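Reviewing the structure listed below.
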Amino acid sequence: MNAPNALTDIVALQRQRVRATTHFLQEIAADEVQDRLSMVNRSFTAPAIVTPFSQVWKNHLPEAIIFPDQEVLELAADEHDLVIHSLGLHWANDPVGQLIQCRRALKPDGLLIAASLGGQTLTELRSCLGQAEVSVTGGLSPRIAPMAEIRDLGALLQRAGFALPVADSVKLNVEYRDVWHLMRDLKAMGEGNALAARNRTPLKRQIVDVASRLYTDQYTTSNGRISATFEMVFLTGWAPDESQPKPLRPGSAQQRLADALAATETPLPD
């Protein structure tokens with residue numbers, strides 16, 4: 001069942017994921033997460049992964065327990081020292097709630113790494129489909145899920161109660177033969193249109209033909225293919241613990257900033 005005013009049609013999303021035949025983005029996310037883990041000076045003994053594609057992650061972290069990506073996660077409280085949330089936040093109807101559930105599942109000083117598609121994802125397709133639909137029908141319907149910018153995603157970590165929050169992004173430029181190839185690939189990855197407010201009638205071929213011409217005119221690469229952007233945002237945060245570094249109390253500094261920088265301090269006028 002879908003909640004009233006939900007952004008995502010969860011039933012449609014699950015149906016698409018079951019039918020997915022390729023996991024290109026999940027593989028990229030897994031590689032990036034492992035790179036970040038290699039920079040953390042710690043061994044994790046109780047990792048958990050939230051993902052709709054368990055087969056991808058079993059190959060990368062076979063020791064982890066896999067949990068399905070759903071609105072109420074099956075994570076038990078204080079059970080894990082590492083939780084990975086893989087490419088589900090951009091579909092979540094309550095992304096803050098997802099992160100809060102992950103934090104509660106972590107032991108003190110446990111690590112979260114969440115991967116999400118960011119706001120620069122599919123900007124080319126979004127623009128061309130929008131222009132095409134307006135020109136053909138005179139209106140506009142939701143086609144691509146709205147995705148948050150990195151600053152907004154980083155703020156979610158603080159709202160969810162994580163300590164030492166960090167957000168960074170990786171931008172991928174992927175080439176396709178044409179718009180039809182791109183749209184088929186999105187469907188094959190389980191990333192088709194699952195918006196609750198989507199138009200339920202099939203997309204008119206005329207709209208795609210116009211979008212294809214616009215895309216070719218604006219985003220053709222030097223080798224005659226079209227380019228599509230995928231922005232992958234990685235959120236890193238720690239479950240609070242007394243052992244973690246804390247900011248100093250305001251006014252507790254032992255040295256003036258001007259002295260530390262060997263700079264002349266100029267008072268501002270009243």
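Starting from 1 in every chain, residues are counted up; chains themselves are A, B, ... following the order of the structure tokens, and ligands are numbered from 1 as listed.
Near Arg17 (chain A), within 10 Å and counting only C-alpha atoms, sit Pro52, Phe53, Lys187, Ala188, Met189, Gly190, Glu191 and Gly192 of chain A; same-chain residues fewer than 6 positions away were not included.
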Could you write out the selected residues, including C-alpha atoms, as a PDB file, in the first residue's frame?
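out08.pdb was written with the following content:
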```
ATOM      1  CA  PRO A  52      17.078  -4.171  -3.189  1.00  0.00           C
ATOM      2  CA  PHE A  53      19.810  -6.093  -5.034  1.00  0.00           C
ATOM      3  CA  LYS A 187      14.249   0.305 -16.990  1.00  0.00           C
ATOM      4  CA  ALA A 188      16.743  -2.578 -16.939  1.00  0.00           C
ATOM      5  CA  MET A 189      18.348  -1.099 -13.792  1.00  0.00           C
ATOM      6  CA  GLY A 190      14.979  -0.800 -12.015  1.00  0.00           C
ATOM      7  CA  GLU A 191      15.201   2.996 -12.224  1.00  0.00           C
ATOM      8  CA  GLY A 192      12.180   3.695 -14.425  1.00  0.00           C
TER       9      GLY A 192
END
```
Query - Every residue of region 26-92 of chain A that DSSP places in strand (DSSP E), as a list in words - result: Pro47, Ala48, Ile49, Val50, Ile65, Ile66, Phe67, His80, Asp81, Leu82, Val83, Ile84, His85 and Ser86 of chain A
Report task. Excluding region 127-133 of chain A and residues on its chain fewer than 4 positions from it, collect all residues at most 12 Å away from it, counting only C-alpha atoms, and give them as a PyMOL selection string. Result -> chain A and resi 120-123+137-144+179-180+183+199+203-219+228
Residue neighbourhood region 31-47 of chain A, 8 Å, only C-alpha atoms, exclusion window fewer than 3 positions, as a short mmCIF file (atom, residue, chain, number, x, y, z; two decimals) with N, CA and C atoms, in the first residue's frame:
```cif
data_model
loop_
_atom_site.label_atom_id
_atom_site.label_comp_id
_atom_site.auth_asym_id
_atom_site.auth_seq_id
_atom_site.Cartn_x
_atom_site.Cartn_y
_atom_site.Cartn_z
N GLU A 27 26.82 -1.56 -8.87
CA GLU A 27 28.22 -1.99 -8.90
C GLU A 27 29.16 -0.80 -8.67
N ILE A 28 28.84 0.32 -9.29
CA ILE A 28 29.64 1.53 -9.07
C ILE A 28 29.57 1.94 -7.61
N GLU A 63 30.41 -11.11 4.02
CA GLU A 63 30.18 -11.31 5.45
C GLU A 63 29.03 -10.46 5.99
N ALA A 64 28.50 -9.55 5.18
CA ALA A 64 27.45 -8.64 5.65
C ALA A 64 26.08 -9.32 5.62
N ILE A 65 25.19 -8.87 6.52
CA ILE A 65 23.80 -9.29 6.51
C ILE A 65 23.04 -8.33 5.59
N GLU A 79 22.77 -3.29 16.78
CA GLU A 79 23.27 -4.60 16.36
C GLU A 79 24.51 -4.53 15.47
N HIS A 80 24.76 -3.40 14.83
CA HIS A 80 25.76 -3.36 13.76
C HIS A 80 26.78 -2.25 14.01
N ASP A 81 28.01 -2.51 13.58
CA ASP A 81 29.03 -1.46 13.65
C ASP A 81 29.22 -0.78 12.29
N LEU A 82 28.54 -1.29 11.27
CA LEU A 82 28.56 -0.67 9.94
C LEU A 82 27.22 -0.92 9.27
N VAL A 83 26.62 0.15 8.74
CA VAL A 83 25.41 0.03 7.93
C VAL A 83 25.64 0.75 6.62
N ILE A 84 25.38 0.05 5.53
CA ILE A 84 25.48 0.63 4.19
C ILE A 84 24.07 0.70 3.61
N ILE A 113 27.37 4.50 5.81
CA ILE A 113 27.67 5.03 4.49
C ILE A 113 26.42 4.83 3.64
#
```
Requested in this report: Tell me which of A:Thr229, A:Gln158, A:Asn93, A:Thr220 sits closest to Lys171 (chain A), counting only C-alpha atoms.
Outcome: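 Ranking A:Thr229, A:Gln158, A:Asn93, A:Thr220 by distance to Lys171 (chain A), first place goes to A:Thr229.
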Query - Shortest interatomic distance to Ser54 (chain A) - which of A:Ser135, A:Gln70, A:Ser86, A:Gln98, counting only C-alpha atoms - result: A:Ser86
Query raised in the report: Looking at only C-alpha atoms, which of A:Val166, A:Leu106, A:Val11, A:Leu61 is the one that sits closest to Ala76 (chain A)?
Result: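 Ranked by minimum distance to Ala76 (chain A), first place goes to A:Leu106.
Distance annotation: of A:Ala114, A:Leu153, A:Leu125, A:Ile49, the residue with the minimal separation from Leu186 (chain A) is A:Leu125; atom set is only C-alpha atoms.
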**Report entry** Residue neighbourhood Val50 (chain A), 6 Å, only C-alpha atoms, exclusion window fewer than 2 positions, as JSON, numbers by chain
**Finding:** {"A": [67, 68, 69, 85]}
Output all heavy atoms for every residue in that selection, as a compact mmCIF listing (two decimals), in the first residue's frame.
```txt
# COMPACT_ATOMS: atom_id res chain seq x y z
N PHE A 67 19.64 -6.63 4.10
CA PHE A 67 18.26 -6.32 4.46
C PHE A 67 17.57 -5.65 3.26
O PHE A 67 18.18 -4.84 2.56
CB PHE A 67 18.21 -5.38 5.67
CG PHE A 67 18.72 -6.01 6.93
CD1 PHE A 67 20.06 -5.89 7.28
CD2 PHE A 67 17.87 -6.73 7.75
CE1 PHE A 67 20.54 -6.47 8.45
CE2 PHE A 67 18.35 -7.32 8.92
CZ PHE A 67 19.68 -7.19 9.27
N PRO A 68 16.31 -5.98 3.01
CA PRO A 68 15.61 -5.36 1.89
C PRO A 68 15.39 -3.87 2.10
O PRO A 68 15.21 -3.41 3.23
CB PRO A 68 14.27 -6.12 1.84
CG PRO A 68 14.10 -6.67 3.22
CD PRO A 68 15.47 -6.95 3.74
N ASP A 69 15.42 -3.13 1.01
CA ASP A 69 15.18 -1.69 1.04
C ASP A 69 13.67 -1.48 1.04
O ASP A 69 13.01 -1.58 0.02
CB ASP A 69 15.83 -1.04 -0.18
CG ASP A 69 15.55 0.44 -0.26
OD1 ASP A 69 15.05 1.01 0.72
OD2 ASP A 69 15.81 1.04 -1.33
N HIS A 85 23.67 1.87 3.16
CA HIS A 85 22.34 2.06 2.53
C HIS A 85 22.60 2.39 1.07
O HIS A 85 23.12 3.45 0.74
CB HIS A 85 21.59 3.20 3.23
CG HIS A 85 20.12 3.21 2.97
ND1 HIS A 85 19.59 3.39 1.72
CD2 HIS A 85 19.06 3.07 3.81
CE1 HIS A 85 18.26 3.38 1.80
NE2 HIS A 85 17.91 3.17 3.06
```
